[in-house]
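**Student:** One structure, pasted below without further comment.
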Amino acid sequence: MKPIVEMKNIVKIYDNGVVANNGVNFTVNKGEIHALVGENGAGKSTLMKILYGIEQPTEGEIIIDGQSVSFKSSLDAIDHKIGMVHQNFMLVPSFTVAANVVLGNEPIKNGFIDKDQVLKVTKELSDQFGLFVQPDAIVDGINVGQRQRVEILKTLYRKAEILILDEPTAVLTPQETQDLFKAIRTLVQQGKTVIFITHKLREVKEISDRVTVMRHGKMIGTVDTKDVTREQMANMMVGREVFLNITKPPMKRGEKRMEIKNLSYISETGRPVLQDVSFNLYAGEILGIAGVEGNGQTELVEVLTGLKRSAGGQAFVKGKSVLDHTPREVRQQGVAHIPEDRLTNGVALKESIEENLIVDRYFSAPYKKGMMLDYRLIENKGKELIKQFGILTPNGKLPVESLSGGNMQKVIVAREFSSNPFVLIASQPTRGIDVGATEFIREELVRLRTAGCAVLLVSADLSEVMSLSDRIVTLYEGRITGVFPDAAKVGEDELGLYMLGIKHQTNEEMEKFL
Amino acid sequence: MSLETVIRSIFSTLFLASVIRISTPIIFPAMGGLIAVVTGVPNMALEGIMNVGAFVGVMVSAYTGNVWLAILAGIVAGVLMALLLGLFHIYFKTNLFIGGLAVNLMASGGTVFLLYIMTGDKGNSASVKSLSVPNWEIPFFKDIPFLGDVISGHPVFTYLAFLSVILVYIFLYRTRFGTHLRAVGENPEAATTLGIDVKKSRMIALAISGVFAALGGMNLSMAYLQFFQKEMAAGRGWIGIAAVHLGARKPLGVLFASILFGFADAISNQLGSLNIPSQLVQTIPYITTVVALAVFAIQQRQAALERMKRYQKEHLEAISANASKAE
């Protein structure tokens, strides 16, 4: 087997100073299925964007088929027979399948597009590689699995020999995943090389010849898939996390505050994202949700806070149903929410800090006075919260967008905490913010919990979940795989196995702790 | 005049011919607007470009005595105005509406300013002797009773307008470049990854739409009338944009929408002779526009809702089918 792709000592530092790849060596042999795995943020997508010419490396060398190359754009990569299927599809919805396949390089007859030929080449490619599509169907009306096949055909039409598939199964149903795997095997039989990005170890075992594991921008190792167990891979992926130094007074668990029963959610593309999720939330505890990103955590929070409609199940706060109510109705039951996407759902960027601080309550007294808002009160409340939460700003009249990420998050935290919540749902509360603000927010979360609030914490940062939580639930492919009543007693290796779906607790085991 | 006379005149050859004549200066900007919209950069300056085209055509014909040279000059001026909008919006990232507003105001003020310098008149160019495009008597057709009267003897611009619908259709749906324009409009990111230059495509689309808008303007000043007057387009550029959307962004649909507006305009001309306040009658084309767009929007939303429902249902069925298979 000779290497077809060699990436040597790749370093990528983004303009904002984020080091996405730190001296990565990555080699793919001709004709293999090579899995690239790692948690979100491990740097695998960046590495593939570099290989496909979308990003340029800060340092390092790329050798394709023995030839040193430097790609300025993806067109250069296409010239070197590299094709990539992105996670979000790059298709023109109103065009036919065939028109999408040939787009940019349509067959021409007498100066016009040769429609028969367009259909014919698509049909031929489809037959040759066993990627079933209907060439004359409009893309708008076909399902996700078919769209993905169109994307693969697009790369094949451009004579790709090396195909990069970026988390291709993330949007697929299990049946569609099996169809995709069949197609990948056909491609490899015909001499193509496939790089398969994923974080599902079951799929790695099933489809790949070799696997490369990345963590924190570094390559941990490349091994033959048959020589490694899923447990070993999980260890390579999760690694040893640093336990954070947080002092927590012992938990004084109070009454049940939120009850979630058999919750499910189906995405717009028809993929079941949450299946039969049940758990309770108690006063005075932090319940952490541990899971690799994309296993339903985001949707769980969005359904519980009224941002998405569930596909079934129940959720109660103070005995009242809060499921499929508007976000305001949910909030009026005492549920506060620190949203994952703070720029979109957390703040109104152009509006002032003090307005953002009362945006969950401006419509009621004392902020509302008759038809008007009491701006003097808003200003005073703003001053008070800015001081209390240490938001760094000259004054509260400035737009929120003038703040740093950490201070912006403090605005959200100040608003949600000062609403005197009965239940707090915090999603990625410290993601992408500076150390000082992170520490502050973590301390505030613990303080709130000790004061008797019920806190649901969702975070991609495993060490954060482990050190803040009193109780941990693991989520894998939209189902609860385990519950750990004493977070301090569970090791990250053990937790990793449940997060990656390798181990499951039975319903009976879980029941008494949920 | 009695209502009966009005009704009778509506079914006359003269009236049908007038619908065709009045539709022409809407079809042109609508076709231009269509090409720009499908490329994802709505040409908000159609109205101004029509005024500029109308003015430049008249002036060049008056000074050179060559009508073809005048048309060429009008087209060049239209293209330049369109590219100016493109420069603002695509390269300098100005908001499209603000850029369009600037170009429109500039066109409106600039034409009057130059008109005054060149003719000493601020209202119209009647004082200079300008040319108009010839009419075309279609051989054979002109002798067919009724039909001949309706379709023959129009200025060549009118035939060009109807022909352009077919040309635009072929361009957008049969040529590689036109297809790329549509791809750019719908998914610029996808187009980029396939090596299609989005900015360049949009500039070219705007340039083409400038050609059409200029032709529409010259149709007013060199065929419909034989002189330029201030604000000559009189909203036809805007109605052209409405026609693009009412026609569902498809060439044939846009043609029908343009004719619908032309028809409303022609009706209001006819009713002008009745004892109804003329202001009320003159609102007919605009009320038609509002009503037509509202109906269109409701239909679109309905269709989108149904599509979504169907889509979700299919997927849920597929899932339950899979689930039962698994069992």
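Here, A, B, ... name the chains of the structure tokens in the order displayed, residue numbers run from 1 inside each chain, and ligands are numbered from 1 in the same displayed order.
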Set the distance at 9 Å and use only C-alpha atoms: which residues neighbour Lys159 (chain A) once local chain neighbours fewer than 5 positions away are removed? I'd like the list as an mmCIF file with N, CA, C and O atoms, in the first residue's frame.
**Tutor:**
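What follows is the written file out.cif:
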data_model
loop_
_atom_site.group_PDB
_atom_site.id
_atom_site.type_symbol
_atom_site.label_atom_id
_atom_site.label_comp_id
_atom_site.auth_asym_id
_atom_site.auth_seq_id
_atom_site.Cartn_x
_atom_site.Cartn_y
_atom_site.Cartn_z
ATOM 1 N N ILE A 78 -9.540 20.035 -6.313
ATOM 2 C CA ILE A 78 -10.327 19.267 -7.287
ATOM 3 C C ILE A 78 -9.424 18.831 -8.445
ATOM 4 O O ILE A 78 -9.494 17.707 -8.918
ATOM 5 N N ASP A 79 -8.528 19.726 -8.869
ATOM 6 C CA ASP A 79 -7.573 19.384 -9.934
ATOM 7 C C ASP A 79 -6.701 18.204 -9.550
ATOM 8 O O ASP A 79 -6.247 17.454 -10.409
ATOM 9 N N LYS A 81 -7.721 15.747 -7.920
ATOM 10 C CA LYS A 81 -8.648 14.624 -7.755
ATOM 11 C C LYS A 81 -9.057 14.375 -6.308
ATOM 12 O O LYS A 81 -9.176 13.237 -5.873
ATOM 13 N N ILE A 82 -9.216 15.472 -5.584
ATOM 14 C CA ILE A 82 -9.748 15.360 -4.232
ATOM 15 C C ILE A 82 -11.175 15.896 -4.247
ATOM 16 O O ILE A 82 -11.439 16.942 -4.838
ATOM 17 N N GLY A 83 -12.072 15.176 -3.637
ATOM 18 C CA GLY A 83 -13.458 15.641 -3.567
ATOM 19 C C GLY A 83 -13.909 15.633 -2.125
ATOM 20 O O GLY A 83 -13.436 14.819 -1.327
ATOM 21 N N LYS A 154 -21.252 14.199 -7.452
ATOM 22 C CA LYS A 154 -20.612 15.437 -7.920
ATOM 23 C C LYS A 154 -19.089 15.307 -7.898
ATOM 24 O O LYS A 154 -18.402 15.706 -8.826
#
**Student:** Neighbouring residues of region 34-38 of chain A were defined as those with any atom within 7 Å, considering only C-alpha atoms; residues of the same chain fewer than 3 positions away were excluded. Please report them as a PyMOL selection string.
**Tutor:** chain A and resi 28+42+44+194-199+204+208-215+237
**Student:** Take CA of Leu445 (chain A) and CA of Val413 (chain A) and report the distance between them in Å, one decimal.
**Tutor:**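 Between CA of Leu445 (chain A) and CA of Val413 (chain A) the gap works out to 9.2 Å.
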**Student:** Can I get the residues of chain B within 7 Å of chain A, each with the closest pair of atoms and their distance in Å to one decimal, using only C-alpha atoms, sorted chain first then ascending number, as a tab-separated table?
**Tutor:**
residue	atom	partner	partner_atom	distance
B:Arg174	CA	A:Ile113	CA	5.5
B:Thr175	CA	A:Phe112	CA	4.8
B:Arg176	CA	A:Ile113	CA	6.0
B:His180	CA	A:Gly104	CA	6.8
B:Ala183	CA	A:Val92	CA	6.0
B:Glu186	CA	A:Val92	CA	6.1
B:Asn187	CA	A:Val92	CA	5.7
B:Glu189	CA	A:Met90	CA	6.9
B:Ala190	CA	A:Met90	CA	4.5
B:Thr193	CA	A:Ser74	CA	6.5
B:Leu194	CA	A:Gly104	CA	5.7
B:Gly195	CA	A:Leu75	CA	6.2
B:Ile196	CA	A:Gly104	CA	6.6
B:Gln312	CA	A:Gly270	CA	6.4
B:His315	CA	A:Gly270	CA	5.0
B:Leu316	CA	A:Gly270	CA	6.2
**Student:** Would you mind writing down, as a list in words, each residue of region 130-302 of chain B that DSSP on the backbone assigns to strand (DSSP E or B)?
**Tutor:**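 Filtering region 130-302 of chain B to strand (DSSP E or B) leaves Asn135, Trp136, His154, Pro155 and Gln229 of chain B.
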**Student:** Hey, what's within 10 Å of region 203-210 of chain B if we count only C-alpha atoms and toss same-chain stuff fewer than 5 positions away? As a PDB file with N, CA and C atoms, in the first residue's frame, please?
**Tutor:**
ATOM      1  N   PHE B  28     -39.606  44.790 -21.033  1.00  0.00           N
ATOM      2  CA  PHE B  28     -38.146  44.992 -21.049  1.00  0.00           C
ATOM      3  C   PHE B  28     -37.538  45.035 -19.640  1.00  0.00           C
ATOM      4  N   PRO B  29     -37.954  45.978 -18.808  1.00  0.00           N
ATOM      5  CA  PRO B  29     -37.334  45.989 -17.477  1.00  0.00           C
ATOM      6  C   PRO B  29     -37.619  44.710 -16.701  1.00  0.00           C
ATOM      7  N   ALA B  30     -38.771  44.092 -16.937  1.00  0.00           N
ATOM      8  CA  ALA B  30     -39.096  42.858 -16.216  1.00  0.00           C
ATOM      9  C   ALA B  30     -38.114  41.759 -16.579  1.00  0.00           C
ATOM     10  N   MET B  31     -37.777  41.651 -17.872  1.00  0.00           N
ATOM     11  CA  MET B  31     -36.806  40.625 -18.287  1.00  0.00           C
ATOM     12  C   MET B  31     -35.436  40.919 -17.669  1.00  0.00           C
ATOM     13  N   GLY B  32     -35.084  42.195 -17.673  1.00  0.00           N
ATOM     14  CA  GLY B  32     -33.815  42.576 -17.044  1.00  0.00           C
ATOM     15  C   GLY B  32     -33.834  42.261 -15.566  1.00  0.00           C
ATOM     16  N   GLY B  33     -34.945  42.617 -14.920  1.00  0.00           N
ATOM     17  CA  GLY B  33     -35.075  42.345 -13.494  1.00  0.00           C
ATOM     18  C   GLY B  33     -35.010  40.858 -13.202  1.00  0.00           C
ATOM     19  N   LEU B  34     -35.594  40.076 -14.092  1.00  0.00           N
ATOM     20  CA  LEU B  34     -35.608  38.618 -13.915  1.00  0.00           C
ATOM     21  C   LEU B  34     -34.188  38.059 -13.866  1.00  0.00           C
ATOM     22  N   ILE B  35     -33.372  38.449 -14.833  1.00  0.00           N
ATOM     23  CA  ILE B  35     -32.008  37.914 -14.891  1.00  0.00           C
ATOM     24  C   ILE B  35     -31.229  38.306 -13.637  1.00  0.00           C
ATOM     25  N   ALA B  36     -31.422  39.542 -13.184  1.00  0.00           N
ATOM     26  CA  ALA B  36     -30.708  39.978 -11.986  1.00  0.00           C
ATOM     27  C   ALA B  36     -31.208  39.225 -10.754  1.00  0.00           C
ATOM     28  N   VAL B  37     -32.521  39.064 -10.633  1.00  0.00           N
ATOM     29  CA  VAL B  37     -33.081  38.403  -9.449  1.00  0.00           C
ATOM     30  C   VAL B  37     -32.639  36.952  -9.360  1.00  0.00           C
ATOM     31  N   VAL B  38     -32.666  36.238 -10.468  1.00  0.00           N
ATOM     32  CA  VAL B  38     -32.292  34.817 -10.371  1.00  0.00           C
ATOM     33  C   VAL B  38     -30.815  34.663 -10.022  1.00  0.00           C
ATOM     34  N   THR B  39     -30.020  35.693 -10.255  1.00  0.00           N
ATOM     35  CA  THR B  39     -28.605  35.619  -9.899  1.00  0.00           C
ATOM     36  C   THR B  39     -28.390  36.081  -8.454  1.00  0.00           C
ATOM     37  N   GLY B  40     -29.468  36.479  -7.798  1.00  0.00           N
ATOM     38  CA  GLY B  40     -29.373  36.837  -6.393  1.00  0.00           C
ATOM     39  C   GLY B  40     -29.015  38.280  -6.142  1.00  0.00           C
ATOM     40  N   VAL B  41     -29.162  39.140  -7.143  1.00  0.00           N
ATOM     41  CA  VAL B  41     -28.875  40.546  -6.927  1.00  0.00           C
ATOM     42  C   VAL B  41     -29.943  41.402  -7.615  1.00  0.00           C
ATOM     43  N   PRO B  42     -31.112  41.526  -6.965  1.00  0.00           N
ATOM     44  CA  PRO B  42     -32.223  42.268  -7.570  1.00  0.00           C
ATOM     45  C   PRO B  42     -31.782  43.663  -8.023  1.00  0.00           C
ATOM     46  N   ASN B  43     -32.079  43.988  -9.265  1.00  0.00           N
ATOM     47  CA  ASN B  43     -31.679  45.297  -9.788  1.00  0.00           C
ATOM     48  C   ASN B  43     -32.686  46.347  -9.340  1.00  0.00           C
ATOM     49  N   ALA B  45     -32.349  49.423  -9.514  1.00  0.00           N
ATOM     50  CA  ALA B  45     -32.167  50.682 -10.239  1.00  0.00           C
ATOM     51  C   ALA B  45     -32.843  50.662 -11.601  1.00  0.00           C
ATOM     52  N   LEU B  46     -33.710  49.685 -11.844  1.00  0.00           N
ATOM     53  CA  LEU B  46     -34.337  49.568 -13.168  1.00  0.00           C
ATOM     54  C   LEU B  46     -34.999  50.874 -13.592  1.00  0.00           C
ATOM     55  N   ILE B  49     -32.460  53.474 -14.557  1.00  0.00           N
ATOM     56  CA  ILE B  49     -31.782  53.099 -15.797  1.00  0.00           C
ATOM     57  C   ILE B  49     -32.688  53.348 -17.000  1.00  0.00           C
ATOM     58  N   MET B  50     -33.982  53.113 -16.839  1.00  0.00           N
ATOM     59  CA  MET B  50     -34.916  53.400 -17.937  1.00  0.00           C
ATOM     60  C   MET B  50     -34.878  54.882 -18.292  1.00  0.00           C
ATOM     61  N   GLY B  53     -31.611  55.587 -20.101  1.00  0.00           N
ATOM     62  CA  GLY B  53     -31.652  55.047 -21.463  1.00  0.00           C
ATOM     63  C   GLY B  53     -32.505  55.924 -22.371  1.00  0.00           C
ATOM     64  N   GLY B  74     -27.578  54.432 -25.762  1.00  0.00           N
ATOM     65  CA  GLY B  74     -28.526  54.246 -24.658  1.00  0.00           C
ATOM     66  C   GLY B  74     -28.226  52.976 -23.890  1.00  0.00           C
ATOM     67  N   ILE B  75     -27.912  51.904 -24.633  1.00  0.00           N
ATOM     68  CA  ILE B  75     -27.604  50.620 -23.985  1.00  0.00           C
ATOM     69  C   ILE B  75     -26.339  50.746 -23.148  1.00  0.00           C
ATOM     70  N   VAL B  76     -25.309  51.382 -23.716  1.00  0.00           N
ATOM     71  CA  VAL B  76     -24.049  51.544 -22.984  1.00  0.00           C
ATOM     72  C   VAL B  76     -24.294  52.320 -21.687  1.00  0.00           C
ATOM     73  N   ALA B  77     -25.096  53.396 -21.792  1.00  0.00           N
ATOM     74  CA  ALA B  77     -25.388  54.189 -20.595  1.00  0.00           C
ATOM     75  C   ALA B  77     -26.114  53.335 -19.555  1.00  0.00           C
ATOM     76  N   GLY B  78     -27.057  52.524 -20.001  1.00  0.00           N
ATOM     77  CA  GLY B  78     -27.813  51.659 -19.092  1.00  0.00           C
ATOM     78  C   GLY B  78     -26.904  50.665 -18.390  1.00  0.00           C
ATOM     79  N   VAL B  79     -25.997  50.070 -19.165  1.00  0.00           N
ATOM     80  CA  VAL B  79     -25.075  49.087 -18.601  1.00  0.00           C
ATOM     81  C   VAL B  79     -24.191  49.754 -17.545  1.00  0.00           C
ATOM     82  N   LEU B  80     -23.714  50.945 -17.854  1.00  0.00           N
ATOM     83  CA  LEU B  80     -22.846  51.638 -16.900  1.00  0.00           C
ATOM     84  C   LEU B  80     -23.585  51.923 -15.589  1.00  0.00           C
ATOM     85  N   MET B  81     -24.838  52.356 -15.708  1.00  0.00           N
ATOM     86  CA  MET B  81     -25.620  52.619 -14.489  1.00  0.00           C
ATOM     87  C   MET B  81     -25.790  51.338 -13.672  1.00  0.00           C
ATOM     88  N   ALA B  82     -26.081  50.242 -14.358  1.00  0.00           N
ATOM     89  CA  ALA B  82     -26.284  48.971 -13.664  1.00  0.00           C
ATOM     90  C   ALA B  82     -24.987  48.535 -12.974  1.00  0.00           C
ATOM     91  N   LEU B  83     -23.867  48.737 -13.679  1.00  0.00           N
ATOM     92  CA  LEU B  83     -22.588  48.341 -13.095  1.00  0.00           C
ATOM     93  C   LEU B  83     -22.245  49.225 -11.892  1.00  0.00           C
ATOM     94  N   LEU B  84     -22.710  50.458 -11.944  1.00  0.00           N
ATOM     95  CA  LEU B  84     -22.484  51.352 -10.799  1.00  0.00           C
ATOM     96  C   LEU B  84     -23.189  50.778  -9.561  1.00  0.00           C
ATOM     97  N   LEU B  85     -24.420  50.329  -9.778  1.00  0.00           N
ATOM     98  CA  LEU B  85     -25.136  49.702  -8.658  1.00  0.00           C
ATOM     99  C   LEU B  85     -24.367  48.473  -8.168  1.00  0.00           C
ATOM    100  N   GLY B  86     -23.865  47.695  -9.130  1.00  0.00           N
ATOM    101  CA  GLY B  86     -23.092  46.496  -8.774  1.00  0.00           C
ATOM    102  C   GLY B  86     -21.845  46.852  -7.990  1.00  0.00           C
ATOM    103  N   LEU B  87     -21.185  47.895  -8.418  1.00  0.00           N
ATOM    104  CA  LEU B  87     -19.971  48.335  -7.730  1.00  0.00           C
ATOM    105  C   LEU B  87     -20.300  48.688  -6.273  1.00  0.00           C
ATOM    106  N   HIS B  89     -22.948  47.740  -4.473  1.00  0.00           N
ATOM    107  CA  HIS B  89     -23.489  46.654  -3.668  1.00  0.00           C
ATOM    108  C   HIS B  89     -22.532  45.469  -3.543  1.00  0.00           C
ATOM    109  N   ILE B  90     -21.976  45.036  -4.670  1.00  0.00           N
ATOM    110  CA  ILE B  90     -21.203  43.796  -4.654  1.00  0.00           C
ATOM    111  C   ILE B  90     -19.778  44.034  -4.143  1.00  0.00           C
ATOM    112  N   TYR B  91     -19.192  45.144  -4.544  1.00  0.00           N
ATOM    113  CA  TYR B  91     -17.798  45.366  -4.149  1.00  0.00           C
ATOM    114  C   TYR B  91     -17.661  46.241  -2.911  1.00  0.00           C
ATOM    115  N   GLY B 178     -26.042  30.851 -18.300  1.00  0.00           N
ATOM    116  CA  GLY B 178     -27.318  31.172 -17.659  1.00  0.00           C
ATOM    117  C   GLY B 178     -27.609  30.229 -16.491  1.00  0.00           C
ATOM    118  N   LEU B 181     -25.687  31.299 -13.592  1.00  0.00           N
ATOM    119  CA  LEU B 181     -26.300  32.447 -12.925  1.00  0.00           C
ATOM    120  C   LEU B 181     -27.381  31.995 -11.949  1.00  0.00           C
ATOM    121  N   VAL B 198     -18.779  34.158  -8.128  1.00  0.00           N
ATOM    122  CA  VAL B 198     -20.081  34.721  -7.762  1.00  0.00           C
ATOM    123  C   VAL B 198     -20.154  36.222  -8.070  1.00  0.00           C
ATOM    124  N   LEU B 215     -33.320  49.528 -22.983  1.00  0.00           N
ATOM    125  CA  LEU B 215     -34.215  49.324 -24.125  1.00  0.00           C
ATOM    126  C   LEU B 215     -35.643  49.738 -23.760  1.00  0.00           C
ATOM    127  N   GLY B 216     -36.047  49.376 -22.535  1.00  0.00           N
ATOM    128  CA  GLY B 216     -37.382  49.772 -22.075  1.00  0.00           C
ATOM    129  C   GLY B 216     -37.530  51.281 -22.061  1.00  0.00           C
TER     130      GLY B 216
END
**Student:** Pick the closest to Thr288 (chain B) from B:Ser268, B:Thr179, B:Ser12, B:Gln302: which is it, counting only C-alpha atoms?
**Tutor:**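 Looking at the shortest contact to Thr288 (chain B), the residue is B:Ser268.
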**Student:** What lies within 12 Å of Val281 (chain B) using only C-alpha atoms, ignoring chain neighbours under 4 positions off, as a list of chain:residue names?
**Tutor:** B:Ala264, B:Asp265, B:Ala266, B:Ile267, B:Ser268, B:Asn269, B:Gln270, B:Leu271, B:Gly272, B:Ser273, B:Leu274, B:Asn275, B:Ile276, B:Pro277, B:Pro285, B:Tyr286, B:Ile287, B:Thr288
**Student:** Kindly provide the residues of region 192-254 of chain B that approach region 99-104 of chain B to within 12 Å, each paired with its closest atom pair and their distance in Å to one decimal, based on only C-alpha atoms, listed by chain and increasing number, as JSON lines.
**Tutor:**
{"residue": "B:Leu206", "atom": "CA", "partner": "B:Gly100", "partner_atom": "CA", "distance": 12.0}
{"residue": "B:Glu231", "atom": "CA", "partner": "B:Asn104", "partner_atom": "CA", "distance": 10.3}
{"residue": "B:Ala233", "atom": "CA", "partner": "B:Asn104", "partner_atom": "CA", "distance": 11.1}
{"residue": "B:Gly235", "atom": "CA", "partner": "B:Asn104", "partner_atom": "CA", "distance": 11.3}
{"residue": "B:Gly237", "atom": "CA", "partner": "B:Asn104", "partner_atom": "CA", "distance": 10.3}
{"residue": "B:Trp238", "atom": "CA", "partner": "B:Asn104", "partner_atom": "CA", "distance": 11.0}
**Student:** Skip Phe181 (chain A) itself and residues of its chain fewer than 4 positions away, then list as a list in words all residues within 12 Å of it, counting only C-alpha atoms.
**Tutor:**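 The contact residues come out as Ile33, Gly130, Leu131, Gly145, Arg149, Leu165, Pro168, Thr169, Leu172, Pro174, Gln175, Glu176, Thr177, Arg185, Thr186, Leu187, Val188, Val194, Phe196, Glu203, Val204, Lys205, Glu206, Ile207 and Ser208 of chain A.
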**Student:** Convert the current residue selection to file output with C-alpha atoms, as a compact mmCIF listing (two decimals), in the first residue's frame.
**Tutor:**
# COMPACT_ATOMS: atom_id res chain seq x y z
CA ILE A 33 -11.19 3.62 4.07
CA GLY A 130 -24.05 1.83 -6.98
CA LEU A 131 -25.21 5.25 -5.79
CA GLY A 145 -29.78 10.24 1.95
CA ARG A 149 -25.46 10.53 -2.89
CA LEU A 165 -16.79 12.64 3.81
CA PRO A 168 -21.70 11.82 6.60
CA THR A 169 -23.83 9.80 8.99
CA LEU A 172 -28.79 9.91 8.28
CA PRO A 174 -29.69 3.93 10.47
CA GLN A 175 -31.05 2.47 7.24
CA GLU A 176 -29.57 5.28 5.16
CA THR A 177 -26.26 4.80 6.99
CA ARG A 185 -17.36 -0.17 -0.11
CA THR A 186 -18.24 -0.09 -3.81
CA LEU A 187 -16.18 3.06 -4.25
CA VAL A 188 -13.15 1.48 -2.62
CA VAL A 194 -12.19 7.40 1.28
CA PHE A 196 -14.39 9.29 6.72
CA GLU A 203 -19.11 3.11 12.56
CA VAL A 204 -15.33 3.26 12.65
CA LYS A 205 -15.23 -0.42 13.56
CA GLU A 206 -17.74 -1.31 10.91
CA ILE A 207 -16.39 0.54 7.89
CA SER A 208 -12.77 1.60 8.22
**Student:** Could you tell me how far CA of Met7 (chain A) sits from CA of Leu51 (chain A), in Å to one decimal place?
**Tutor:**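 Between CA of Leu51 (chain A) and CA of Met7 (chain A) the gap is 8.1 Å.
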**Student:** May I have all residues of region 54-199 of chain B that DSSP, computed from the backbone, assigns to helix (DSSP H, G or I), given as an MDAnalysis selection string?
**Tutor:** chainID B and resid 54:64 67:91 96:119 141:143 147:151 156:174 176:186 188:193 198:199
